[in-house]
Amino acid sequence: VEGYSFGMMIRHNFTKMFTLETGIHFESKKYTFNVANINSGSNASSSVRLISYEIPVQWLTYIRLGKQIYMNALFGVSFDFYPSDVTNLKDNFEYIIIRNSWINVALLGSIGFEYRTKNSGIFYIGGSLHYPFSDIAKVRLTQYKTFPPTDFVNFDTTLNGTYFSVELRYFFKKIVYKEPPKVY
C-alpha cells in the first residue's frame, strides 16, 4: 500500500504539556494486485486507488528538549469515511472492493518532533500508526478461465486498512489580537 494524505489540523492547548488536536484529512491509498493467469501462466498487474476522509481526535503531550525543539506523543481515534466501492475489469480478470461500512473507527498513535519558531510557525516531522478496529472492505477477484467468460474462479479476501505513515506538518503562527484602547 502506498498513498498520500493532506488536510488541516486545529489545536487547543489545555496546559503547557497537553493539547487536543482535531481536523480533517483527504486520504488516497493505492492497492496493487498481481494476478497469475491460470491458463497461460503469465502475470497481470492492476492497481486501484481507495479514497477516504479522516477526522482524527487526538490527545497530544509534548516534552521540551531544547529552546525551540519539542518531542510529541499523540494518542486518539479517527473516524474514517469511505465514499464509494471500487471495481475494475481487465482482460481475463475483474475485481470489486466493497466497503464494510461507509464509516469506520481507527486507533491512532504518533510520535514526532516539532521545531517552533517565533515568527514562522511550527514545523513537525513524525511517524503515525493508523489501526482500524475492523476490516475496511471485502475484495473479490474473479479470474476467467475461458473467453467468453463461462468458466471462472473467485478469490475472496479483506482489506485491513492498517498503515504506518511518515508525516510532515506545518502549523501557522498563532496570531494574538489586542484590542485597541477605547477612546471616549
# chains A, B, ... in the order shown; residues from 1 in each chain; ligands from 1
call {"tool": "residues_around", "arguments": {"residues": "Ile96 of chain A", "least_positions_apart": "3", "cutoff": "10 Å", "atoms": "only C-alpha atoms", "output": "PDB file with N, CA and C atoms, in the first residue's frame"}}
result
ATOM      1  N   ASP A  85     -17.623   2.247  -3.319  1.00  0.00           N
ATOM      2  CA  ASP A  85     -16.969   0.985  -3.636  1.00  0.00           C
ATOM      3  C   ASP A  85     -16.149   1.186  -4.909  1.00  0.00           C
ATOM      4  N   VAL A  86     -15.263   0.216  -5.206  1.00  0.00           N
ATOM      5  CA  VAL A  86     -14.397   0.325  -6.380  1.00  0.00           C
ATOM      6  C   VAL A  86     -14.455  -0.976  -7.157  1.00  0.00           C
ATOM      7  N   THR A  87     -14.481  -0.879  -8.479  1.00  0.00           N
ATOM      8  CA  THR A  87     -14.423  -2.064  -9.320  1.00  0.00           C
ATOM      9  C   THR A  87     -13.543  -1.783 -10.535  1.00  0.00           C
ATOM     10  N   ASN A  88     -12.975  -2.860 -11.109  1.00  0.00           N
ATOM     11  CA  ASN A  88     -12.108  -2.712 -12.274  1.00  0.00           C
ATOM     12  C   ASN A  88     -12.183  -3.997 -13.086  1.00  0.00           C
ATOM     13  N   LEU A  89     -12.160  -3.880 -14.388  1.00  0.00           N
ATOM     14  CA  LEU A  89     -12.232  -5.022 -15.297  1.00  0.00           C
ATOM     15  C   LEU A  89     -11.002  -5.014 -16.194  1.00  0.00           C
ATOM     16  N   ARG A  99     -16.833  -1.782   0.445  1.00  0.00           N
ATOM     17  CA  ARG A  99     -16.567  -1.305   1.808  1.00  0.00           C
ATOM     18  C   ARG A  99     -17.514  -2.000   2.791  1.00  0.00           C
ATOM     19  N   ALA A 137     -12.857  -3.322   4.098  1.00  0.00           N
ATOM     20  CA  ALA A 137     -13.529  -3.720   2.859  1.00  0.00           C
ATOM     21  C   ALA A 137     -13.334  -5.207   2.581  1.00  0.00           C
ATOM     22  N   LYS A 138     -14.208  -5.714   1.716  1.00  0.00           N
ATOM     23  CA  LYS A 138     -14.078  -7.070   1.189  1.00  0.00           C
ATOM     24  C   LYS A 138     -13.625  -6.954  -0.265  1.00  0.00           C
ATOM     25  N   VAL A 139     -12.756  -7.860  -0.688  1.00  0.00           N
ATOM     26  CA  VAL A 139     -12.250  -7.851  -2.065  1.00  0.00           C
ATOM     27  C   VAL A 139     -12.612  -9.181  -2.706  1.00  0.00           C
ATOM     28  N   ARG A 140     -13.193  -9.129  -3.898  1.00  0.00           N
ATOM     29  CA  ARG A 140     -13.449 -10.335  -4.682  1.00  0.00           C
ATOM     30  C   ARG A 140     -12.757 -10.176  -6.024  1.00  0.00           C
ATOM     31  N   LEU A 141     -11.855 -11.111  -6.299  1.00  0.00           N
ATOM     32  CA  LEU A 141     -11.148 -11.168  -7.569  1.00  0.00           C
ATOM     33  C   LEU A 141     -11.734 -12.338  -8.352  1.00  0.00           C
ATOM     34  N   THR A 142     -12.215 -12.071  -9.542  1.00  0.00           N
ATOM     35  CA  THR A 142     -12.766 -13.109 -10.405  1.00  0.00           C
ATOM     36  C   THR A 142     -11.846 -13.262 -11.598  1.00  0.00           C
ATOM     37  N   ASP A 156     -11.562 -14.555  -2.647  1.00  0.00           N
ATOM     38  CA  ASP A 156     -12.084 -13.555  -1.711  1.00  0.00           C
ATOM     39  C   ASP A 156     -11.065 -13.276  -0.620  1.00  0.00           C
TER      40      ASP A 156
END
call {"tool": "residues_around", "arguments": {"residues": "segment 42-52 of chain A", "least_positions_apart": "3", "cutoff": "10 Å", "atoms": "only C-alpha atoms", "output": "ChimeraX atom specification"}}
result
/A:1-3,5,25-39,80-95,97,99,102-103
call {"tool": "write_last_selection", "arguments": {"atoms": "N, CA and C atoms", "output": "short mmCIF file (atom, residue, chain, number, x, y, z; two decimals), in the first residue's frame"}}
result
data_model
loop_
_atom_site.label_atom_id
_atom_site.label_comp_id
_atom_site.auth_asym_id
_atom_site.auth_seq_id
_atom_site.Cartn_x
_atom_site.Cartn_y
_atom_site.Cartn_z
N VAL A 1 0.85 -1.17 0.00
CA VAL A 1 0.00 0.00 0.00
C VAL A 1 0.90 1.23 0.00
N GLU A 2 0.56 2.15 -0.84
CA GLU A 2 1.21 3.46 -0.85
C GLU A 2 0.15 4.50 -1.06
N GLY A 3 0.43 5.72 -0.68
CA GLY A 3 -0.57 6.75 -0.83
C GLY A 3 -0.11 8.08 -0.30
N SER A 5 -1.76 11.86 1.82
CA SER A 5 -2.82 12.49 2.58
C SER A 5 -2.53 13.97 2.70
N HIS A 25 -8.80 15.14 6.99
CA HIS A 25 -7.78 14.75 6.01
C HIS A 25 -8.43 14.04 4.83
N PHE A 26 -7.91 14.30 3.66
CA PHE A 26 -8.24 13.54 2.45
C PHE A 26 -7.15 12.47 2.31
N GLU A 27 -7.55 11.21 2.15
CA GLU A 27 -6.59 10.09 2.02
C GLU A 27 -6.80 9.41 0.68
N SER A 28 -5.70 9.10 0.02
CA SER A 28 -5.72 8.32 -1.22
C SER A 28 -4.68 7.21 -1.08
N LYS A 29 -5.17 5.97 -1.02
CA LYS A 29 -4.27 4.82 -0.86
C LYS A 29 -4.34 3.96 -2.11
N LYS A 30 -3.18 3.56 -2.62
CA LYS A 30 -3.08 2.76 -3.83
C LYS A 30 -2.79 1.31 -3.46
N TYR A 31 -3.67 0.41 -3.88
CA TYR A 31 -3.50 -1.02 -3.68
C TYR A 31 -3.17 -1.66 -5.03
N THR A 32 -2.16 -2.52 -5.06
CA THR A 32 -1.75 -3.19 -6.29
C THR A 32 -2.05 -4.68 -6.18
N PHE A 33 -2.65 -5.23 -7.23
CA PHE A 33 -2.97 -6.65 -7.31
C PHE A 33 -2.12 -7.28 -8.40
N ASN A 34 -1.44 -8.36 -8.07
CA ASN A 34 -0.68 -9.15 -9.05
C ASN A 34 -1.39 -10.49 -9.23
N VAL A 35 -1.79 -10.79 -10.45
CA VAL A 35 -2.58 -11.98 -10.73
C VAL A 35 -1.85 -12.84 -11.74
N ALA A 36 -1.68 -14.13 -11.41
CA ALA A 36 -1.10 -15.09 -12.36
C ALA A 36 -2.24 -15.71 -13.16
N ASN A 37 -2.12 -15.66 -14.48
CA ASN A 37 -3.14 -16.23 -15.36
C ASN A 37 -3.11 -17.76 -15.21
N ILE A 38 -4.23 -18.35 -14.84
CA ILE A 38 -4.26 -19.80 -14.61
C ILE A 38 -4.21 -20.59 -15.91
N ASN A 39 -4.43 -19.94 -17.04
CA ASN A 39 -4.36 -20.63 -18.34
C ASN A 39 -2.96 -20.58 -18.94
N ASP A 80 -13.16 7.36 10.04
CA ASP A 80 -12.81 7.25 8.62
C ASP A 80 -14.07 7.06 7.79
N PHE A 81 -14.20 7.86 6.74
CA PHE A 81 -15.37 7.81 5.86
C PHE A 81 -14.94 7.31 4.48
N TYR A 82 -15.64 6.31 3.95
CA TYR A 82 -15.35 5.74 2.64
C TYR A 82 -16.53 6.05 1.72
N PRO A 83 -16.35 6.92 0.73
CA PRO A 83 -17.49 7.38 -0.06
C PRO A 83 -18.05 6.38 -1.06
N SER A 84 -17.23 5.42 -1.54
CA SER A 84 -17.77 4.52 -2.57
C SER A 84 -17.01 3.21 -2.63
N ASP A 85 -17.62 2.25 -3.32
CA ASP A 85 -16.97 0.98 -3.64
C ASP A 85 -16.15 1.19 -4.91
N VAL A 86 -15.26 0.22 -5.21
CA VAL A 86 -14.40 0.33 -6.38
C VAL A 86 -14.45 -0.98 -7.16
N THR A 87 -14.48 -0.88 -8.48
CA THR A 87 -14.42 -2.06 -9.32
C THR A 87 -13.54 -1.78 -10.53
N ASN A 88 -12.98 -2.86 -11.11
CA ASN A 88 -12.11 -2.71 -12.27
C ASN A 88 -12.18 -4.00 -13.09
N LEU A 89 -12.16 -3.88 -14.39
CA LEU A 89 -12.23 -5.02 -15.30
C LEU A 89 -11.00 -5.01 -16.19
N LYS A 90 -10.29 -6.14 -16.22
CA LYS A 90 -9.13 -6.32 -17.09
C LYS A 90 -9.45 -7.40 -18.11
N ASP A 91 -8.44 -7.81 -18.91
CA ASP A 91 -8.66 -8.77 -19.98
C ASP A 91 -9.22 -10.11 -19.48
N ASN A 92 -8.59 -10.70 -18.47
CA ASN A 92 -9.03 -12.01 -18.02
C ASN A 92 -9.42 -12.05 -16.55
N PHE A 93 -9.51 -10.90 -15.89
CA PHE A 93 -9.97 -10.88 -14.51
C PHE A 93 -10.64 -9.55 -14.20
N GLU A 94 -11.39 -9.56 -13.12
CA GLU A 94 -12.00 -8.34 -12.61
C GLU A 94 -12.00 -8.41 -11.10
N TYR A 95 -12.04 -7.26 -10.46
CA TYR A 95 -12.13 -7.26 -9.01
C TYR A 95 -13.09 -6.16 -8.59
N ILE A 97 -14.05 -4.06 -4.86
CA ILE A 97 -13.77 -3.77 -3.46
C ILE A 97 -15.04 -3.15 -2.88
N ARG A 99 -16.83 -1.78 0.45
CA ARG A 99 -16.57 -1.30 1.81
C ARG A 99 -17.51 -2.00 2.79
N TRP A 102 -19.75 2.66 5.49
CA TRP A 102 -19.31 3.96 4.97
C TRP A 102 -18.51 4.72 6.02
N ILE A 103 -18.55 4.26 7.29
CA ILE A 103 -17.74 4.87 8.34
C ILE A 103 -17.07 3.76 9.15
#
call {"tool": "closest_residue", "arguments": {"among": "A:Phe79, A:Tyr163, A:Tyr131, A:Tyr170", "to": "Arg116 of chain A", "atoms": "only C-alpha atoms"}}
result
A:Tyr170
call {"tool": "atom_distance", "arguments": {"atom1": "atom CA of Arg64 of chain A", "atom2": "atom CA of Ser110 of chain A"}}
result
16.8 Å
call {"tool": "atom_distance", "arguments": {"atom1": "atom CA of Phe75 of chain A", "atom2": "atom CA of Asn100 of chain A"}}
result
24.9 Å
call {"tool": "closest_residue", "arguments": {"among": "A:Asn104, A:Met71, A:Gly76, A:Asn160", "to": "Gly126 of chain A", "atoms": "only C-alpha atoms"}}
result
A:Met71
call {"tool": "select_by_dssp", "arguments": {"residues": "segment 97-167 of chain A", "states": "strand (DSSP E or B)", "output": "ChimeraX atom specification"}}
result
/A:97-99,103-116,122-132,137-144,152-159,163-167
call {"tool": "write_last_selection", "arguments": {"atoms": "C-alpha atoms", "output": "tab-separated table (two decimals), in the first residue's frame"}}
result
chain	number	residue	atom	x	y	z
A	97	ILE	CA	-13.77	-3.77	-3.46
A	98	ILE	CA	-16.89	-3.42	-1.32
A	99	ARG	CA	-16.57	-1.30	1.81
A	103	ILE	CA	-17.74	4.87	8.34
A	104	ASN	CA	-15.07	3.07	10.35
A	105	VAL	CA	-13.25	3.89	13.59
A	106	ALA	CA	-9.49	3.51	13.95
A	107	LEU	CA	-6.95	3.80	16.74
A	108	LEU	CA	-4.20	6.41	16.22
A	109	GLY	CA	-0.74	6.64	17.73
A	110	SER	CA	2.03	9.04	16.73
A	111	ILE	CA	5.42	10.22	17.83
A	112	GLY	CA	7.35	13.14	16.38
A	113	PHE	CA	9.38	16.28	16.80
A	114	GLU	CA	8.49	19.96	16.46
A	115	TYR	CA	10.65	22.95	15.71
A	116	ARG	CA	8.84	26.05	16.96
A	122	ILE	CA	5.75	25.25	13.83
A	123	PHE	CA	7.44	22.57	11.70
A	124	TYR	CA	6.70	18.94	12.57
A	125	ILE	CA	8.09	15.57	11.44
A	126	GLY	CA	6.96	12.25	12.84
A	127	GLY	CA	5.54	8.80	12.32
A	128	SER	CA	1.99	7.58	12.85
A	129	LEU	CA	0.16	4.25	13.11
A	130	HIS	CA	-3.44	4.01	11.91
A	131	TYR	CA	-5.11	0.80	13.12
A	132	PRO	CA	-8.82	0.25	12.24
A	137	ALA	CA	-13.53	-3.72	2.86
A	138	LYS	CA	-14.08	-7.07	1.19
A	139	VAL	CA	-12.25	-7.85	-2.06
A	140	ARG	CA	-13.45	-10.34	-4.68
A	141	LEU	CA	-11.15	-11.17	-7.57
A	142	THR	CA	-12.77	-13.11	-10.41
A	143	GLN	CA	-10.45	-14.76	-12.92
A	144	TYR	CA	-11.89	-16.10	-16.17
A	152	PHE	CA	-14.29	-18.60	-13.75
A	153	VAL	CA	-12.63	-18.76	-10.32
A	154	ASN	CA	-13.38	-16.39	-7.41
A	155	PHE	CA	-10.80	-15.37	-4.80
A	156	ASP	CA	-12.08	-13.55	-1.71
A	157	THR	CA	-10.07	-11.59	0.85
A	158	THR	CA	-10.37	-8.50	3.05
A	159	LEU	CA	-8.57	-5.18	3.36
A	163	TYR	CA	-0.89	1.59	7.77
A	164	PHE	CA	2.17	3.42	9.05
A	165	SER	CA	2.84	6.91	7.75
A	166	VAL	CA	5.60	9.49	7.81
A	167	GLU	CA	4.13	12.91	8.49
call {"tool": "atom_distance", "arguments": {"atom1": "atom CA of Tyr70 of chain A", "atom2": "atom CA of Gly23 of chain A"}}
result
21.2 Å
call {"tool": "closest_residue", "arguments": {"among": "A:Ser101, A:Phe6, A:Phe14, A:Ile69", "to": "Ile55 of chain A", "atoms": "only C-alpha atoms"}}
result
A:Phe6
call {"tool": "decode", "arguments": {"residues": "segment 121-149 of chain A", "atoms": "N, CA and C atoms", "output": "PDB file, in the first residue's frame"}}
result
ATOM      1  N   GLY A 121       6.012  29.990  12.596  1.00  0.00           N
ATOM      2  CA  GLY A 121       5.115  28.892  12.887  1.00  0.00           C
ATOM      3  C   GLY A 121       5.858  27.670  13.414  1.00  0.00           C
ATOM      4  N   ILE A 122       5.220  26.501  13.288  1.00  0.00           N
ATOM      5  CA  ILE A 122       5.747  25.250  13.834  1.00  0.00           C
ATOM      6  C   ILE A 122       5.966  24.263  12.699  1.00  0.00           C
ATOM      7  N   PHE A 123       7.121  23.621  12.670  1.00  0.00           N
ATOM      8  CA  PHE A 123       7.441  22.573  11.696  1.00  0.00           C
ATOM      9  C   PHE A 123       7.504  21.238  12.436  1.00  0.00           C
ATOM     10  N   TYR A 124       6.823  20.229  11.895  1.00  0.00           N
ATOM     11  CA  TYR A 124       6.699  18.935  12.573  1.00  0.00           C
ATOM     12  C   TYR A 124       7.103  17.808  11.634  1.00  0.00           C
ATOM     13  N   ILE A 125       7.816  16.804  12.157  1.00  0.00           N
ATOM     14  CA  ILE A 125       8.092  15.567  11.436  1.00  0.00           C
ATOM     15  C   ILE A 125       7.889  14.424  12.422  1.00  0.00           C
ATOM     16  N   GLY A 126       7.231  13.368  11.943  1.00  0.00           N
ATOM     17  CA  GLY A 126       6.961  12.254  12.839  1.00  0.00           C
ATOM     18  C   GLY A 126       6.432  11.047  12.098  1.00  0.00           C
ATOM     19  N   GLY A 127       6.111  10.021  12.850  1.00  0.00           N
ATOM     20  CA  GLY A 127       5.541   8.798  12.319  1.00  0.00           C
ATOM     21  C   GLY A 127       4.247   8.488  13.030  1.00  0.00           C
ATOM     22  N   SER A 128       3.319   7.829  12.308  1.00  0.00           N
ATOM     23  CA  SER A 128       1.991   7.582  12.852  1.00  0.00           C
ATOM     24  C   SER A 128       1.519   6.189  12.467  1.00  0.00           C
ATOM     25  N   LEU A 129       0.794   5.542  13.375  1.00  0.00           N
ATOM     26  CA  LEU A 129       0.163   4.253  13.110  1.00  0.00           C
ATOM     27  C   LEU A 129      -1.339   4.451  13.107  1.00  0.00           C
ATOM     28  N   HIS A 130      -1.992   3.939  12.062  1.00  0.00           N
ATOM     29  CA  HIS A 130      -3.445   4.014  11.906  1.00  0.00           C
ATOM     30  C   HIS A 130      -3.961   2.580  11.894  1.00  0.00           C
ATOM     31  N   TYR A 131      -4.709   2.187  12.942  1.00  0.00           N
ATOM     32  CA  TYR A 131      -5.113   0.796  13.120  1.00  0.00           C
ATOM     33  C   TYR A 131      -6.639   0.709  13.251  1.00  0.00           C
ATOM     34  N   PRO A 132      -7.355   0.359  12.171  1.00  0.00           N
ATOM     35  CA  PRO A 132      -8.822   0.247  12.242  1.00  0.00           C
ATOM     36  C   PRO A 132      -9.261  -0.874  13.189  1.00  0.00           C
ATOM     37  N   PHE A 133     -10.394  -0.662  13.853  1.00  0.00           N
ATOM     38  CA  PHE A 133     -10.939  -1.668  14.761  1.00  0.00           C
ATOM     39  C   PHE A 133     -11.504  -2.875  14.015  1.00  0.00           C
ATOM     40  N   SER A 134     -11.844  -2.718  12.733  1.00  0.00           N
ATOM     41  CA  SER A 134     -12.357  -3.830  11.933  1.00  0.00           C
ATOM     42  C   SER A 134     -11.874  -3.674  10.495  1.00  0.00           C
ATOM     43  N   ASP A 135     -12.027  -4.740   9.688  1.00  0.00           N
ATOM     44  CA  ASP A 135     -11.644  -4.671   8.276  1.00  0.00           C
ATOM     45  C   ASP A 135     -12.444  -3.582   7.580  1.00  0.00           C
ATOM     46  N   ILE A 136     -11.791  -2.895   6.627  1.00  0.00           N
ATOM     47  CA  ILE A 136     -12.472  -1.774   5.971  1.00  0.00           C
ATOM     48  C   ILE A 136     -13.250  -2.204   4.734  1.00  0.00           C
ATOM     49  N   ALA A 137     -12.857  -3.322   4.098  1.00  0.00           N
ATOM     50  CA  ALA A 137     -13.529  -3.720   2.859  1.00  0.00           C
ATOM     51  C   ALA A 137     -13.334  -5.207   2.581  1.00  0.00           C
ATOM     52  N   LYS A 138     -14.208  -5.714   1.716  1.00  0.00           N
ATOM     53  CA  LYS A 138     -14.078  -7.070   1.189  1.00  0.00           C
ATOM     54  C   LYS A 138     -13.625  -6.954  -0.265  1.00  0.00           C
ATOM     55  N   VAL A 139     -12.756  -7.860  -0.688  1.00  0.00           N
ATOM     56  CA  VAL A 139     -12.250  -7.851  -2.065  1.00  0.00           C
ATOM     57  C   VAL A 139     -12.612  -9.181  -2.706  1.00  0.00           C
ATOM     58  N   ARG A 140     -13.193  -9.129  -3.898  1.00  0.00           N
ATOM     59  CA  ARG A 140     -13.449 -10.335  -4.682  1.00  0.00           C
ATOM     60  C   ARG A 140     -12.757 -10.176  -6.024  1.00  0.00           C
ATOM     61  N   LEU A 141     -11.855 -11.111  -6.299  1.00  0.00           N
ATOM     62  CA  LEU A 141     -11.148 -11.168  -7.569  1.00  0.00           C
ATOM     63  C   LEU A 141     -11.734 -12.338  -8.352  1.00  0.00           C
ATOM     64  N   THR A 142     -12.215 -12.071  -9.542  1.00  0.00           N
ATOM     65  CA  THR A 142     -12.766 -13.109 -10.405  1.00  0.00           C
ATOM     66  C   THR A 142     -11.846 -13.262 -11.598  1.00  0.00           C
ATOM     67  N   GLN A 143     -11.332 -14.474 -11.789  1.00  0.00           N
ATOM     68  CA  GLN A 143     -10.448 -14.760 -12.920  1.00  0.00           C
ATOM     69  C   GLN A 143     -11.173 -15.696 -13.874  1.00  0.00           C
ATOM     70  N   TYR A 144     -11.187 -15.323 -15.155  1.00  0.00           N
ATOM     71  CA  TYR A 144     -11.888 -16.099 -16.171  1.00  0.00           C
ATOM     72  C   TYR A 144     -10.951 -17.123 -16.789  1.00  0.00           C
ATOM     73  N   LYS A 145     -11.414 -18.375 -16.849  1.00  0.00           N
ATOM     74  CA  LYS A 145     -10.622 -19.442 -17.468  1.00  0.00           C
ATOM     75  C   LYS A 145     -10.803 -19.449 -18.978  1.00  0.00           C
ATOM     76  N   THR A 146     -11.954 -19.033 -19.433  1.00  0.00           N
ATOM     77  CA  THR A 146     -12.250 -19.027 -20.868  1.00  0.00           C
ATOM     78  C   THR A 146     -12.808 -17.670 -21.260  1.00  0.00           C
ATOM     79  N   PHE A 147     -12.786 -17.420 -22.566  1.00  0.00           N
ATOM     80  CA  PHE A 147     -13.415 -16.216 -23.082  1.00  0.00           C
ATOM     81  C   PHE A 147     -14.296 -16.609 -24.251  1.00  0.00           C
ATOM     82  N   PRO A 148     -15.550 -16.319 -24.289  1.00  0.00           N
ATOM     83  CA  PRO A 148     -16.321 -15.517 -23.337  1.00  0.00           C
ATOM     84  C   PRO A 148     -16.382 -16.180 -21.968  1.00  0.00           C
ATOM     85  N   PRO A 149     -16.604 -15.359 -20.919  1.00  0.00           N
ATOM     86  CA  PRO A 149     -16.470 -15.835 -19.541  1.00  0.00           C
ATOM     87  C   PRO A 149     -17.575 -16.803 -19.112  1.00  0.00           C
TER      88      PRO A 149
END
